[in-house]
Each structure stands twice: as C-alpha cells, then as structure tokens.
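**Q** Below you will find the structure I want to go over with you.
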Amino acid sequence: MPTRRAALTLIGAGSLAAGGITLARAASDDEVLTEAKVLRDPDTPVAGNPNGNVTIVEWSDYNCPYCRKLEPELRQVVQDDGKVRLVMKDWPILGPVSVTAARTALAAKFQDKYHQAHDAMMGVSSRLTEARINELLAAAGVDMDRLKRDLAGHAKDIDAILKRNNEQAEAFGFRGTPSFIVGKYRVPGVLTMAQFEQVIADARKAKMN
C-alpha cells in the first residue's frame, strides 16, 4: 500500500491539475490517505449529488476570503453539472476564531443544520468573531442551546474530524485554503468556473481510462 508520501503521483494529465493522486483502497489504521478516509468519511458533510460520478473534496476555512469568493461559483458548477459529489472538509488554519467557526459548524450537523451554518458563515464579507458566528447561526435557524450542548457533548468527535482533515491536507502537501481534490487530481488553489468544469471533465475521462 502507498505510504502517505507516495500517495501523490504526478501523472501530468490536464494542464489545470497539479498532479494525479493514488488513494489506497485499504491500509493500516495509521494511513492518512485511504480512499475511505478522504472520500467516504461518514462524519464529513456532503453536498451536491451524493451518488455523483465525480467527487470534489474541498478543504476550506470560514475566514478565508478566497473560499468565500469561490463558494457561490463552486456551488453553481456542482448544481449545473448534477453529477458531482462535494465533500466539505473544514480546515481551520487562520487562527482561533477559524477553529471556533469550524467546530460550531460541525456541531450544527447534529441537528442537521451544518449546511445552514456553513452557508451563513461563508456568506459574509467581514472577518468572523465569536459573537458574529453566534449571531449568524441563530439567524440561520440553528438552535443555539442545542448547539452548546452538542459542542460539549461531541467535542472529542468534532476535534477528531478536524484532526483527520488537517492530516490529510498536510499529507497532500496543501499550503492554504481553498484546496481541492477533483476526481484523481490535486488542485491547490482557486479556479474559475470554466476551469472547474474542465477539471471535472478531465476527472471523468481519467475515471473511464
């Protein structure tokens, strides 16, 4: 099985892709880049078509201006395509408030409000504060009393998700947010809608070969 360092394989397919990836299908418990952990982590929220034939994995930070700018465009591409599964990995690397935002969004998942929390925090233009996070989530319909209970009661589970997300991002060699896996391609950085469409098309072709 590939080690985490050998899991990246440059195959030079597609000018927009930074390199092809090979994910282990099975591995020991300490393996970071298994297909199951990267693409099929049951604790990681999914948007788009859950049965899509191409998976995009996004690592993002709620205080990242590039993530916010890209969010509506990426969602439009996923919606227009109709066959893309979007895996959403919270990767809070821009300070303590980013960690608070990520933990809060993941806690909202326990009341089926992750996507509402995510959209509310990604939809603002100013830097988040803890007070602003609470204000945004309450306005988005999140039960704040339940949220506090879930933050405390599921703290270990939430922190474990963030740890896995971070380990995977580091193993892929990502240096900042947003970063993506599109099918077999590693895409560190921001793409335009047209570029995303092209990489998705390339990923479909690669899957057929």
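Residues in the structure tokens are numbered from 1 in each chain, the chains being A, B, ... in the order shown, and ligands are numbered from 1 in the order shown.
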Using only C-alpha atoms, tabulate the residues of range 59-126 of chain A lying at most 10 Å from any atom of range 180-192 of chain A, each with its closest atom pair and that distance in Å to one decimal, by chain and increasing residue number, as a tab-separated table.

**A**
residue	atom	partner	partner_atom	distance
A:Trp59	CA	A:Phe180	CA	6.3
A:Ser60	CA	A:Phe180	CA	9.0
A:Tyr66	CA	A:Val190	CA	7.2
A:Cys67	CA	A:Val190	CA	8.1
A:Lys69	CA	A:Val190	CA	9.3
A:Leu70	CA	A:Val190	CA	7.2
A:Glu73	CA	A:Thr192	CA	7.8
A:Leu74	CA	A:Thr192	CA	8.5
A:Val77	CA	A:Thr192	CA	9.9
A:Val84	CA	A:Val182	CA	9.6
A:Arg85	CA	A:Val182	CA	9.9
A:Leu86	CA	A:Val182	CA	9.3
A:Val87	CA	A:Ile181	CA	9.5
A:Met88	CA	A:Phe180	CA	9.8
A:Lys89	CA	A:Phe180	CA	9.7

**Q** Step one, run DSSP on the backbone; step two, keep only residues of range 6-203 of chain A assigned to strand (DSSP E); then write them as a list in words.

**A** Leu8, Thr9, Gly20, Ile21, Val46, Ala47, Gly48, Val54, Thr55, Ile56, Val57, Glu58, Trp59, Ser60, Val84, Arg85, Leu86, Val87, Met88, Lys89, Asp90, Ser179, Phe180, Ile181, Val182, Tyr185, Arg186, Val187 and Pro188 of chain A

**Q** Go ahead and save the picked residues with C-alpha atoms, as a short mmCIF file (atom, residue, chain, number, x, y, z; two decimals), in the first residue's frame.

**A**
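To be explicit, this is the file written out as again03.cif:
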data_model
loop_
_atom_site.label_atom_id
_atom_site.label_comp_id
_atom_site.auth_asym_id
_atom_site.auth_seq_id
_atom_site.Cartn_x
_atom_site.Cartn_y
_atom_site.Cartn_z
CA LEU A 8 0.86 11.69 -4.57
CA THR A 9 1.77 10.60 -8.06
CA GLY A 20 -2.71 12.93 -10.19
CA ILE A 21 -3.34 11.11 -6.93
CA VAL A 46 -21.53 16.19 1.67
CA ALA A 47 -23.32 18.50 -0.79
CA GLY A 48 -24.29 18.16 -4.42
CA VAL A 54 -17.10 12.58 -9.75
CA THR A 55 -16.13 13.64 -6.25
CA ILE A 56 -14.74 17.07 -5.35
CA VAL A 57 -13.18 17.31 -1.91
CA GLU A 58 -12.75 20.87 -0.64
CA TRP A 59 -10.61 21.96 2.32
CA SER A 60 -11.74 25.42 3.45
CA VAL A 84 -20.80 15.92 -8.73
CA ARG A 85 -20.48 14.87 -5.11
CA LEU A 86 -18.97 17.68 -3.00
CA VAL A 87 -17.17 16.62 0.19
CA MET A 88 -16.71 19.53 2.60
CA LYS A 89 -13.62 19.36 4.83
CA ASP A 90 -13.33 22.09 7.45
CA SER A 179 -7.55 23.32 -1.74
CA PHE A 180 -9.25 20.56 -3.69
CA ILE A 181 -9.19 17.01 -4.90
CA VAL A 182 -11.23 16.65 -8.10
CA TYR A 185 -6.48 15.47 -9.49
CA ARG A 186 -4.99 17.58 -6.73
CA VAL A 187 -5.90 21.24 -7.18
CA PRO A 188 -4.29 23.57 -4.63
#

**Q** Would you compute the distance between CA of Asp119 in chain A and CA of Ala101 in chain A? Give it in Å to one decimal.

**A** 11.8 Å

**Q** Looking at only C-alpha atoms, which of A:Gln195, A:Gln168, A:Asn53, A:Asn63 is the one that sits closest to Ala102 in chain A?

**A**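 Of all the options, A:Asn63 lies closest to Ala102 in chain A.
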
**Q** Compare A:Asn49, A:Thr100, A:Trp91, A:Lys83 by their minimum atom-to-atom distance to Thr129 in chain A, counting only C-alpha atoms, and give me the closest one.

**A**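 When distances to Thr129 in chain A are compared using only C-alpha atoms, the smallest one comes from A:Thr100.
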
**Q** Point out the residue among A:Ser125, A:Arg204, A:Leu106, A:Pro72 with the least atom-to-atom distance to Leu151 in chain A, counting only C-alpha atoms.

**A**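 Under the stated criterion, the closest residue is A:Leu106.
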
**Q** Please determine, counting only C-alpha atoms, which residue among A:Gln79, A:Gln116, A:Asn165, A:Gln198 has the shortest atom-to-atom distance to Ile93 in chain A.

**A** A:Asn165

**Q** DSSP on the backbone, then: every residue of range 19-181 of chain A marked alpha helix (DSSP H), written as number ranges by chain.

**A** A: 35-39, 65-81, 96-108, 114-122, 130-139, 144-153, 155-171

**Q** Could those selected residues go to a file with C-alpha atoms, as a PDB file, in the first residue's frame?

**A**
ATOM      1  CA  GLU A  35      -9.985   6.290  -0.259  1.00  0.00           C
ATOM      2  CA  ALA A  36     -12.427   5.640   2.581  1.00  0.00           C
ATOM      3  CA  LYS A  37     -10.993   8.382   4.801  1.00  0.00           C
ATOM      4  CA  VAL A  38     -10.589  11.036   2.125  1.00  0.00           C
ATOM      5  CA  LEU A  39     -13.679  10.427   0.008  1.00  0.00           C
ATOM      6  CA  PRO A  65     -11.654  35.398   1.644  1.00  0.00           C
ATOM      7  CA  TYR A  66     -10.782  33.192  -1.336  1.00  0.00           C
ATOM      8  CA  CYS A  67     -13.026  30.417  -0.016  1.00  0.00           C
ATOM      9  CA  ARG A  68     -15.879  32.889   0.352  1.00  0.00           C
ATOM     10  CA  LYS A  69     -15.383  34.302  -3.115  1.00  0.00           C
ATOM     11  CA  LEU A  70     -15.284  30.860  -4.673  1.00  0.00           C
ATOM     12  CA  GLU A  71     -18.205  29.368  -2.740  1.00  0.00           C
ATOM     13  CA  PRO A  72     -21.124  30.540  -4.938  1.00  0.00           C
ATOM     14  CA  GLU A  73     -19.223  29.743  -8.139  1.00  0.00           C
ATOM     15  CA  LEU A  74     -18.309  26.231  -6.995  1.00  0.00           C
ATOM     16  CA  ARG A  75     -21.875  25.553  -5.881  1.00  0.00           C
ATOM     17  CA  GLN A  76     -23.139  26.763  -9.264  1.00  0.00           C
ATOM     18  CA  VAL A  77     -20.785  24.385 -11.084  1.00  0.00           C
ATOM     19  CA  VAL A  78     -21.889  21.482  -8.879  1.00  0.00           C
ATOM     20  CA  GLN A  79     -25.572  22.335  -9.389  1.00  0.00           C
ATOM     21  CA  ASP A  80     -25.249  22.803 -13.150  1.00  0.00           C
ATOM     22  CA  ASP A  81     -23.364  19.536 -13.567  1.00  0.00           C
ATOM     23  CA  PRO A  96      -8.516  30.507  16.872  1.00  0.00           C
ATOM     24  CA  VAL A  97     -11.739  32.058  15.522  1.00  0.00           C
ATOM     25  CA  SER A  98     -11.485  29.831  12.456  1.00  0.00           C
ATOM     26  CA  VAL A  99     -11.282  26.823  14.781  1.00  0.00           C
ATOM     27  CA  THR A 100     -14.344  28.062  16.664  1.00  0.00           C
ATOM     28  CA  ALA A 101     -16.239  28.520  13.390  1.00  0.00           C
ATOM     29  CA  ALA A 102     -15.340  25.032  12.141  1.00  0.00           C
ATOM     30  CA  ARG A 103     -16.225  23.367  15.453  1.00  0.00           C
ATOM     31  CA  THR A 104     -19.520  25.274  15.542  1.00  0.00           C
ATOM     32  CA  ALA A 105     -20.468  24.231  12.008  1.00  0.00           C
ATOM     33  CA  LEU A 106     -19.680  20.590  12.753  1.00  0.00           C
ATOM     34  CA  ALA A 107     -21.680  20.763  15.983  1.00  0.00           C
ATOM     35  CA  ALA A 108     -24.637  22.097  13.986  1.00  0.00           C
ATOM     36  CA  TYR A 114     -24.429  22.039   9.061  1.00  0.00           C
ATOM     37  CA  HIS A 115     -25.197  23.417   5.609  1.00  0.00           C
ATOM     38  CA  GLN A 116     -27.178  26.340   7.025  1.00  0.00           C
ATOM     39  CA  ALA A 117     -24.282  27.162   9.375  1.00  0.00           C
ATOM     40  CA  HIS A 118     -21.710  26.769   6.598  1.00  0.00           C
ATOM     41  CA  ASP A 119     -23.611  28.987   4.179  1.00  0.00           C
ATOM     42  CA  ALA A 120     -24.221  31.652   6.819  1.00  0.00           C
ATOM     43  CA  MET A 121     -20.531  31.949   7.701  1.00  0.00           C
ATOM     44  CA  MET A 122     -19.301  31.745   4.118  1.00  0.00           C
ATOM     45  CA  GLU A 130     -17.181  34.504  18.066  1.00  0.00           C
ATOM     46  CA  ALA A 131     -20.086  36.894  18.669  1.00  0.00           C
ATOM     47  CA  ARG A 132     -20.686  37.242  14.926  1.00  0.00           C
ATOM     48  CA  ILE A 133     -20.648  33.461  14.492  1.00  0.00           C
ATOM     49  CA  ASN A 134     -23.384  33.074  17.120  1.00  0.00           C
ATOM     50  CA  GLU A 135     -25.401  35.862  15.540  1.00  0.00           C
ATOM     51  CA  LEU A 136     -25.154  34.354  12.046  1.00  0.00           C
ATOM     52  CA  LEU A 137     -26.067  30.836  13.142  1.00  0.00           C
ATOM     53  CA  ALA A 138     -29.030  31.978  15.217  1.00  0.00           C
ATOM     54  CA  ALA A 139     -30.318  33.939  12.202  1.00  0.00           C
ATOM     55  CA  MET A 144     -28.208  27.706  19.898  1.00  0.00           C
ATOM     56  CA  ASP A 145     -28.980  25.914  23.173  1.00  0.00           C
ATOM     57  CA  ARG A 146     -28.763  22.562  21.402  1.00  0.00           C
ATOM     58  CA  LEU A 147     -25.579  23.758  19.688  1.00  0.00           C
ATOM     59  CA  LYS A 148     -23.883  24.477  23.019  1.00  0.00           C
ATOM     60  CA  ARG A 149     -24.832  21.017  24.301  1.00  0.00           C
ATOM     61  CA  ASP A 150     -23.519  19.353  21.152  1.00  0.00           C
ATOM     62  CA  LEU A 151     -20.286  21.352  21.220  1.00  0.00           C
ATOM     63  CA  ALA A 152     -19.641  19.998  24.702  1.00  0.00           C
ATOM     64  CA  GLY A 153     -21.051  16.514  24.294  1.00  0.00           C
ATOM     65  CA  ALA A 155     -16.173  17.705  21.489  1.00  0.00           C
ATOM     66  CA  LYS A 156     -13.933  14.662  21.007  1.00  0.00           C
ATOM     67  CA  ASP A 157     -15.734  13.615  17.810  1.00  0.00           C
ATOM     68  CA  ILE A 158     -15.542  17.133  16.353  1.00  0.00           C
ATOM     69  CA  ASP A 159     -11.861  17.520  17.205  1.00  0.00           C
ATOM     70  CA  ALA A 160     -11.154  14.108  15.671  1.00  0.00           C
ATOM     71  CA  ILE A 161     -12.753  15.204  12.375  1.00  0.00           C
ATOM     72  CA  LEU A 162     -10.665  18.387  12.288  1.00  0.00           C
ATOM     73  CA  LYS A 163      -7.530  16.373  13.073  1.00  0.00           C
ATOM     74  CA  ARG A 164      -8.243  13.969  10.184  1.00  0.00           C
ATOM     75  CA  ASN A 165      -8.923  16.862   7.824  1.00  0.00           C
ATOM     76  CA  ASN A 166      -5.652  18.533   8.789  1.00  0.00           C
ATOM     77  CA  GLU A 167      -3.598  15.359   8.471  1.00  0.00           C
ATOM     78  CA  GLN A 168      -4.999  14.704   5.015  1.00  0.00           C
ATOM     79  CA  ALA A 169      -4.369  18.274   3.829  1.00  0.00           C
ATOM     80  CA  GLU A 170      -0.778  18.126   5.072  1.00  0.00           C
ATOM     81  CA  ALA A 171      -0.229  14.699   3.515  1.00  0.00           C
TER      82      ALA A 171
END

**Q** Name the closest residue to Gly141 in chain A among the candidates A:Thr44, A:Gln111, A:Thr34, A:Thr177; distances are taken between atoms, counting only C-alpha atoms.

**A** A:Gln111

**Q** Grab the CA of His154 in chain A to CA of Leu128 in chain A distance for me, in Å with one decimal place.

**A**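 Taking CA of His154 in chain A as the start and CA of Leu128 in chain A as the end point, the length is 22.9 Å.
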
**Q** What does the distance from CA of Cys64 in chain A to CA of Phe196 in chain A come to in Å, to one decimal?

**A** 19.1 Å

**Q** For Lys113 in chain A, which residue out of A:Asp143, A:Asp61, A:Asp202, A:Glu31 is the nearest one, using only C-alpha atoms?

**A**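 Residue with the minimum atom-to-atom distance to Lys113 in chain A: A:Asp143.
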